[in-house]
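One file, final32.csv, is given below (CSV, C-alpha atoms and all ligand atoms).
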chain,number,residue,atom,x,y,z
T,1,MET,CA,67.8,-42.3,26.8
T,2,LYS,CA,70.6,-42.7,29.2
T,3,LYS,CA,69.2,-40.0,31.4
T,4,LEU,CA,65.8,-41.6,31.5
T,5,ASN,CA,67.4,-45.0,32.5
T,6,LEU,CA,69.3,-43.3,35.3
T,7,ARG,CA,66.2,-41.6,36.6
T,8,SER,CA,64.2,-44.8,36.5
T,9,THR,CA,67.0,-46.7,38.3
T,10,ILE,CA,67.1,-44.0,41.1
T,11,LYS,CA,63.3,-44.3,41.3
T,12,ASN,CA,63.5,-48.1,41.6
T,13,ILE,CA,66.2,-47.9,44.3
T,14,SER,CA,64.1,-45.4,46.2
T,15,PHE,CA,61.1,-47.7,46.1
T,16,LEU,CA,63.3,-50.6,47.3
T,17,ILE,CA,64.6,-48.5,50.2
T,18,LEU,CA,61.1,-47.4,51.2
T,19,GLY,CA,60.0,-51.1,50.9
T,20,ILE,CA,62.7,-52.3,53.2
T,21,ALA,CA,62.1,-49.5,55.7
T,22,ALA,CA,58.4,-50.3,55.8
T,23,PHE,CA,59.2,-54.0,56.2
T,24,LEU,CA,61.6,-53.3,59.1
T,25,PHE,CA,59.1,-51.0,60.7
T,26,SER,CA,56.3,-53.6,60.5
T,27,ILE,CA,58.6,-56.2,62.1
T,28,GLN,CA,59.3,-53.8,65.0
T,29,CYS,CA,55.6,-53.1,65.4
T,30,ASP,CA,54.8,-56.8,65.4
T,31,GLY,CA,57.4,-57.4,68.1
T,32,GLN,CA,55.7,-54.7,70.2
T,33,ASP,CA,52.3,-56.2,69.6
T,34,ASN,CA,53.5,-59.6,70.7
T,35,LYS,CA,55.0,-58.2,73.9
T,36,GLU,CA,51.8,-56.4,74.7
T,37,SER,CA,49.6,-59.3,73.9
T,38,THR,CA,51.0,-61.5,76.7
T,39,ALA,CA,50.4,-58.9,79.4
T,40,ILE,CA,47.2,-59.6,81.4
T,41,TRP,CA,45.7,-56.4,82.9
T,42,GLY,CA,42.8,-56.1,85.3
T,43,GLN,CA,42.9,-59.6,86.8
T,44,ASP,CA,44.9,-58.8,89.9
T,45,PRO,CA,44.4,-61.4,92.7
T,46,VAL,CA,42.8,-60.5,96.0
T,47,VAL,CA,45.1,-58.5,98.3
T,48,ILE,CA,45.7,-60.4,101.6
T,49,THR,CA,48.0,-59.7,104.6
T,50,PRO,CA,50.5,-62.5,105.2
T,51,GLY,CA,51.0,-63.5,108.8
T,52,ASN,CA,54.3,-63.1,110.5
T,53,GLU,CA,56.2,-66.3,111.5
T,54,ASN,CA,53.6,-68.9,110.6
T,55,ALA,CA,50.7,-66.7,111.9
T,56,PRO,CA,47.6,-67.2,109.7
T,57,PRO,CA,47.2,-64.9,106.7
T,58,SER,CA,44.2,-62.7,106.6
T,59,ASP,CA,42.1,-65.0,104.5
T,60,ALA,CA,42.7,-68.2,106.5
T,61,ILE,CA,40.2,-70.1,108.6
T,62,VAL,CA,41.8,-70.6,112.0
T,63,LEU,CA,41.2,-74.2,113.2
T,64,LEU,CA,43.3,-74.0,116.3
T,65,ASP,CA,44.7,-70.9,118.1
T,66,GLY,CA,45.3,-72.7,121.4
T,67,THR,CA,42.4,-71.1,123.3
T,68,ASN,CA,39.6,-73.6,122.6
T,69,LEU,CA,38.6,-76.7,120.7
T,70,ASP,CA,35.5,-75.1,119.2
T,71,GLU,CA,36.4,-76.1,115.6
T,72,TRP,CA,36.8,-79.8,116.6
T,73,GLU,CA,34.7,-82.8,117.5
T,74,SER,CA,35.4,-86.5,118.2
T,75,THR,CA,35.3,-88.8,115.2
T,76,LYS,CA,33.1,-91.0,117.4
T,77,GLY,CA,30.7,-88.0,117.8
T,78,GLY,CA,30.5,-85.6,120.6
T,79,GLU,CA,33.1,-83.2,122.0
T,80,ALA,CA,36.8,-83.4,121.2
T,81,LYS,CA,38.5,-84.8,124.3
T,82,TRP,CA,42.0,-83.7,123.7
T,83,LYS,CA,43.8,-81.5,126.2
T,84,LEU,CA,44.4,-77.8,125.7
T,85,GLU,CA,48.0,-76.9,126.8
T,86,ASP,CA,51.1,-75.0,125.7
T,87,GLY,CA,49.2,-72.9,123.3
T,88,GLY,CA,47.9,-75.9,121.5
T,89,MET,CA,46.3,-79.3,122.2
T,90,THR,CA,47.7,-82.8,123.0
T,91,VAL,CA,46.3,-86.2,122.3
T,92,VAL,CA,44.6,-87.8,125.2
T,93,LYS,CA,45.3,-91.5,124.8
T,94,LYS,CA,42.3,-93.7,124.0
T,95,SER,CA,40.0,-90.6,123.7
T,96,GLY,CA,40.0,-91.2,120.0
T,97,SER,CA,40.8,-89.2,116.9
T,98,ILE,CA,39.2,-85.8,116.3
T,99,ARG,CA,38.0,-84.0,113.2
T,100,THR,CA,37.0,-80.5,112.1
T,101,LYS,CA,33.4,-79.6,112.3
T,102,LYS,CA,33.8,-77.9,108.9
T,103,ALA,CA,34.4,-79.8,105.7
T,104,PHE,CA,37.0,-79.0,103.1
T,105,GLY,CA,38.0,-79.8,99.5
T,106,ASP,CA,41.1,-78.3,97.8
T,107,CYS,CA,43.1,-76.4,100.4
T,108,GLN,CA,46.3,-75.1,101.8
T,109,LEU,CA,46.7,-76.4,105.4
T,110,HIS,CA,49.2,-75.2,107.9
T,111,VAL,CA,49.8,-77.5,111.0
T,112,GLU,CA,52.4,-77.4,113.7
T,113,TRP,CA,53.0,-80.5,115.7
T,114,ARG,CA,55.4,-81.8,118.3
T,115,SER,CA,56.3,-85.4,119.3
T,116,PRO,CA,57.0,-86.0,123.0
T,117,ALA,CA,60.4,-84.8,124.3
T,118,ILE,CA,60.8,-88.0,126.3
T,119,VAL,CA,61.3,-90.8,123.8
T,120,VAL,CA,59.5,-94.0,124.6
T,121,ASP,CA,59.2,-96.9,122.2
T,122,ASP,CA,60.4,-96.9,118.6
T,123,SER,CA,59.3,-97.3,115.0
T,124,GLN,CA,55.6,-96.7,114.5
T,125,ASP,CA,55.0,-96.3,118.3
T,126,ARG,CA,57.2,-93.2,118.7
T,127,GLY,CA,55.2,-90.0,118.4
T,128,ASN,CA,52.7,-91.4,115.9
T,129,SER,CA,49.7,-89.4,114.9
T,130,GLY,CA,48.5,-88.3,111.5
T,131,ILE,CA,46.6,-85.6,109.5
T,132,PHE,CA,43.8,-87.1,107.5
T,133,LEU,CA,42.6,-84.9,104.7
T,134,GLN,CA,39.0,-85.6,104.0
T,135,GLU,CA,39.2,-88.1,106.9
T,136,ARG,CA,40.8,-90.6,104.5
T,137,TYR,CA,44.2,-89.5,103.1
T,138,GLU,CA,46.9,-89.5,105.7
T,139,VAL,CA,50.0,-87.3,105.9
T,140,GLN,CA,51.9,-89.2,108.5
T,141,VAL,CA,53.0,-87.6,111.8
T,142,LEU,CA,55.8,-89.5,113.5
T,143,ASP,CA,58.9,-88.9,115.5
T,144,SER,CA,61.3,-89.8,112.6
T,145,TYR,CA,64.4,-88.3,114.3
T,146,GLU,CA,66.8,-91.2,114.4
T,147,ASN,CA,63.9,-93.6,114.5
T,148,ILE,CA,64.0,-96.5,112.1
T,149,THR,CA,60.7,-97.6,110.5
T,150,TYR,CA,59.4,-98.5,107.1
T,151,SER,CA,60.2,-95.7,104.7
T,152,ASN,CA,56.6,-95.2,103.4
T,153,GLY,CA,55.4,-94.9,107.0
T,154,MET,CA,57.9,-92.2,108.3
T,155,ALA,CA,57.0,-88.6,109.1
T,156,GLY,CA,55.9,-86.7,106.0
T,157,SER,CA,55.0,-89.9,104.1
T,158,ILE,CA,51.7,-90.1,102.3
T,159,TYR,CA,51.2,-93.2,104.4
T,160,LYS,CA,52.0,-96.4,102.5
T,161,GLN,CA,51.9,-94.5,99.2
T,162,HIS,CA,54.7,-91.9,98.9
T,163,ILE,CA,58.1,-91.7,100.7
T,164,PRO,CA,59.1,-88.1,101.6
T,165,LEU,CA,61.9,-86.7,99.4
T,166,VAL,CA,64.1,-86.0,102.5
T,167,ASN,CA,63.9,-86.5,106.3
T,168,ALA,CA,63.4,-82.9,107.5
T,169,CYS,CA,62.5,-83.9,111.1
T,170,ARG,CA,63.6,-81.8,114.1
T,171,GLU,CA,64.5,-83.4,117.4
T,172,PRO,CA,61.7,-84.9,119.6
T,173,GLY,CA,60.0,-82.2,121.7
T,174,GLU,CA,60.6,-79.4,119.2
T,175,TRP,CA,57.7,-77.9,117.2
T,176,GLN,CA,57.6,-78.7,113.5
T,177,THR,CA,55.5,-77.4,110.7
T,178,TYR,CA,53.7,-79.0,107.8
T,179,ASP,CA,52.4,-76.9,105.0
T,180,ILE,CA,50.1,-79.1,102.9
T,181,ILE,CA,48.6,-78.3,99.5
T,182,PHE,CA,45.9,-80.7,98.8
T,183,SER,CA,44.0,-81.2,95.6
T,184,ALA,CA,40.9,-83.3,96.4
T,185,PRO,CA,39.9,-86.3,94.2
T,186,GLY,CA,36.8,-86.0,92.0
T,187,PHE,CA,34.3,-88.8,91.4
T,188,LYS,CA,31.8,-89.5,88.6
T,189,GLU,CA,28.1,-90.1,89.4
T,190,ASN,CA,28.6,-93.9,89.2
T,191,GLY,CA,31.3,-93.7,91.9
T,192,GLU,CA,34.3,-94.2,89.5
T,193,ILE,CA,37.3,-91.9,90.0
T,194,GLU,CA,37.2,-88.9,87.7
T,195,LYS,CA,40.4,-87.2,88.8
T,196,PRO,CA,42.9,-88.4,91.5
T,197,GLY,CA,43.9,-86.3,94.5
T,198,TYR,CA,47.4,-84.7,94.8
T,199,PHE,CA,49.6,-83.7,97.7
T,200,THR,CA,52.4,-81.2,98.0
T,201,VAL,CA,53.9,-81.0,101.5
T,202,LEU,CA,56.6,-78.9,103.1
T,203,GLN,CA,58.0,-79.9,106.4
T,204,ASN,CA,59.8,-77.1,108.3
T,205,GLY,CA,59.9,-75.2,105.1
T,206,VAL,CA,61.5,-78.0,103.1
T,207,LEU,CA,59.7,-79.6,100.2
T,208,ILE,CA,59.1,-83.3,101.0
T,209,GLN,CA,56.2,-84.2,98.7
T,210,ASN,CA,56.1,-82.6,95.3
T,211,HIS,CA,52.6,-82.9,93.7
T,212,VAL,CA,52.4,-86.7,94.3
T,213,GLU,CA,49.3,-88.5,93.1
T,214,LEU,CA,47.0,-90.2,95.6
T,215,LYS,CA,46.4,-93.8,94.9
T,216,GLY,CA,43.3,-94.0,97.0
T,217,LEU,CA,42.4,-93.8,100.6
T,218,THR,CA,45.0,-94.7,103.3
T,219,VAL,CA,45.0,-98.3,104.2
T,220,HIS,CA,47.4,-100.1,106.6
T,221,SER,CA,47.7,-103.2,104.4
T,222,GLY,CA,46.7,-104.1,100.9
T,223,LYS,CA,46.4,-101.8,97.9
T,224,PRO,CA,44.9,-98.3,98.4
T,225,TYR,CA,41.6,-97.8,96.5
T,226,TYR,CA,39.2,-94.9,95.9
T,227,GLU,CA,35.7,-94.8,97.4
T,228,LYS,CA,33.3,-92.0,96.4
T,229,HIS,CA,32.7,-89.3,99.0
T,230,ASN,CA,31.5,-85.8,99.3
T,231,PRO,CA,33.5,-83.1,97.5
T,232,LYS,CA,34.2,-81.6,101.0
T,233,GLU,CA,35.0,-83.7,104.1
T,234,PRO,CA,36.5,-82.8,107.5
T,235,ILE,CA,40.2,-83.0,108.4
T,236,ALA,CA,40.9,-85.5,111.1
T,237,LEU,CA,43.9,-85.8,113.5
T,238,GLN,CA,44.8,-89.3,114.7
T,239,ASP,CA,44.9,-90.6,118.2
T,240,HIS,CA,47.5,-93.4,117.8
T,241,GLY,CA,48.2,-93.6,121.5
T,242,CYS,CA,51.1,-91.2,121.5
T,243,LEU,CA,51.2,-87.8,123.3
T,244,VAL,CA,51.6,-85.7,120.1
T,245,SER,CA,50.7,-82.0,120.4
T,246,TYR,CA,49.3,-79.7,117.8
T,247,ARG,CA,49.1,-75.9,117.6
T,248,ASN,CA,48.5,-73.0,115.1
T,249,ILE,CA,46.4,-74.9,112.6
T,250,TRP,CA,44.9,-72.8,109.8
T,251,ILE,CA,43.5,-73.5,106.4
T,252,ARG,CA,42.9,-71.6,103.2
T,253,GLU,CA,40.3,-73.0,100.8
T,254,LEU,CA,41.4,-73.0,97.2
P,301,MG,MG,49.7,-92.1,111.8

Would you mind giving the structure from this file in structure tokens?
Amino acid sequence: MKKLNLRSTIKNISFLILGIAAFLFSIQCDGQDNKESTAIWGQDPVVITPGNENAPPSDAIVLLDGTNLDEWESTKGGEAKWKLEDGGMTVVKKSGSIRTKKAFGDCQLHVEWRSPAIVVDDSQDRGNSGIFLQERYEVQVLDSYENITYSNGMAGSIYKQHIPLVNACREPGEWQTYDIIFSAPGFKENGEIEKPGYFTVLQNGVLIQNHVELKGLTVHSGKPYYEKHNPKEPIALQDHGCLVSYRNIWIREL
């Protein structure tokens, strides 16, 4: 009787050990399964060649390489009348703003700009220009190096909507970069806004606008508001009567 009990106890313990081992093994397998299930294979992004020192990457559309104004036209219609010089182009006062012949929606835009080395005037009259995404939404260009003006109108502001996080301006006469990531607004059939636009902006490699929401088109006074437009619209550069120069402009459609 005793012998039988002992045998049955050993048998029970063996089953228990086997059970525990199986349980531990299954936990380990589950762990492996979980690790593997988060890995995504076969969806590698397109291989591109990044440019050196702000040169365009291989998949960019070059809008200005300094040799011609072929990608640009006057916003009044006809040829862009800005002056080609110093490997870029400079505003010709009173010739008017210019815009791209092509239209764009969501994009990454690289722009280099320079305000005049000789400082004349102050506040909004010093090195003022602007980059208008979809001809409506302005990232302000201004000589904001030791130049007092309203904060939501300084360089790198989403004009009258968002103050930049920091003032990353170089001295007047030096080339500066803007890298702009733009998410275009979307509209319903009836013209109502479906999704707002967003801006992220780096100036000279420094984040100055971090995914800020557009409140509508850029207006000088009063509240910004949305007005339905095409999903893709040109990019415009502003003639604000200051001799601002641009060079090395390229864009990647997203
Ligand atoms: Mg402006």

Which chains and residue numbers are within 12 Å of ligand MG 301 (chain P), counting only C-alpha atoms and all ligand atoms, if I want them as JSON, numbers by chain? {"T": [97, 123, 124, 125, 126, 127, 128, 129, 130, 131, 132, 136, 137, 138, 139, 140, 141, 142, 143, 144, 152, 153, 154, 155, 156, 157, 158, 159, 160, 218, 219, 220, 236, 237, 238, 239, 240, 241, 242, 244]}

Just the residues within 12 Å of segment 88-91 of chain T, please, counting only C-alpha atoms, with nothing from its chain fewer than 5 positions along; format it as a PyMOL selection string. chain T and resi 63-70+72+74+80-83+96-98+111-116+127-130+175+237-249

Ranking T:Asn210, T:Thr177, T:His229, T:Arg252 by minimum distance to Glu53 of chain T and counting all atoms listed in the file, which one comes first?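 With all atoms listed in the file as the atom set, the closest residue is T:Thr177.
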
Which residue gives the smallest distance to Ser95 of chain T among T:Asn230, T:Asn190, T:Thr75, T:Thr49, with all atoms listed in the file counted? T:Thr75

List as a list in words the protein and nucleic acid residues near Trp250 of chain T, meaning an atom at most 6 Å away when only C-alpha atoms are counted, but skip any in the same chain fewer than 2 places from it.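 Once the adjacent positions are removed, what remains is Ile61, Val62, Leu63, Leu109 and His110 of chain T.
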
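When all atoms listed in the file are used to measure the gap to Glu146 of chain T, the shortest distance among T:Asp179, T:Asp122, T:Glu71, T:Asp44 belongs to T:Asp122.
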
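The interatomic distance for the pair atom CA of Phe199 of chain T and atom CA of His162 of chain T works out to 9.7 Å.
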
Quick one: pull the distance between atom CA of Lys94 of chain T and atom CA of Pro224 of chain T, Å, one decimal.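 Taking atom CA of Lys94 of chain T and atom CA of Pro224 of chain T, their separation equals 26.1 Å.
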
Compile the contact shell of Glu192 of chain T as a list of chain:residue names: residues with an atom at most 9 Å away, counting all atoms listed in the file, same-chain residues fewer than 2 positions apart removed.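 Final neighbour list, sorted by chain and number: T:Gly186, T:Phe187, T:Lys188, T:Glu189, T:Asn190, T:Glu194, T:Tyr226, T:Glu227, T:Lys228.
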
One-decimal distance in Å that lies between atom CA of Gly105 of chain T and atom CA of Val47 of chain T: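 Between atom CA of Val47 of chain T and atom CA of Gly105 of chain T the gap is 22.5 Å.
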
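With all atoms listed in the file as the atoms that count, the residue of T:Pro234, T:Gly173, T:Thr38, T:Ile148 with the shortest distance to Glu73 of chain T is T:Pro234.
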
Please provide as a ChimeraX atom specification all residues within 10 Å of Glu253 of chain T, with the sequence filter that same-chain residues fewer than 6 positions apart are discarded (counting only C-alpha atoms). /T:59-61,104-109,181-182

Ranking T:Ala168, T:Ile48, T:Ile180, T:Leu217 by minimum distance to Thr200 of chain T and counting all atoms listed in the file, which one comes first? T:Ile180

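Minimum atom-to-atom distance to Glu174 of chain T, evaluated using all atoms listed in the file, belongs to T:Tyr145 out of T:Gly51, T:Lys76, T:Lys93, T:Tyr145.
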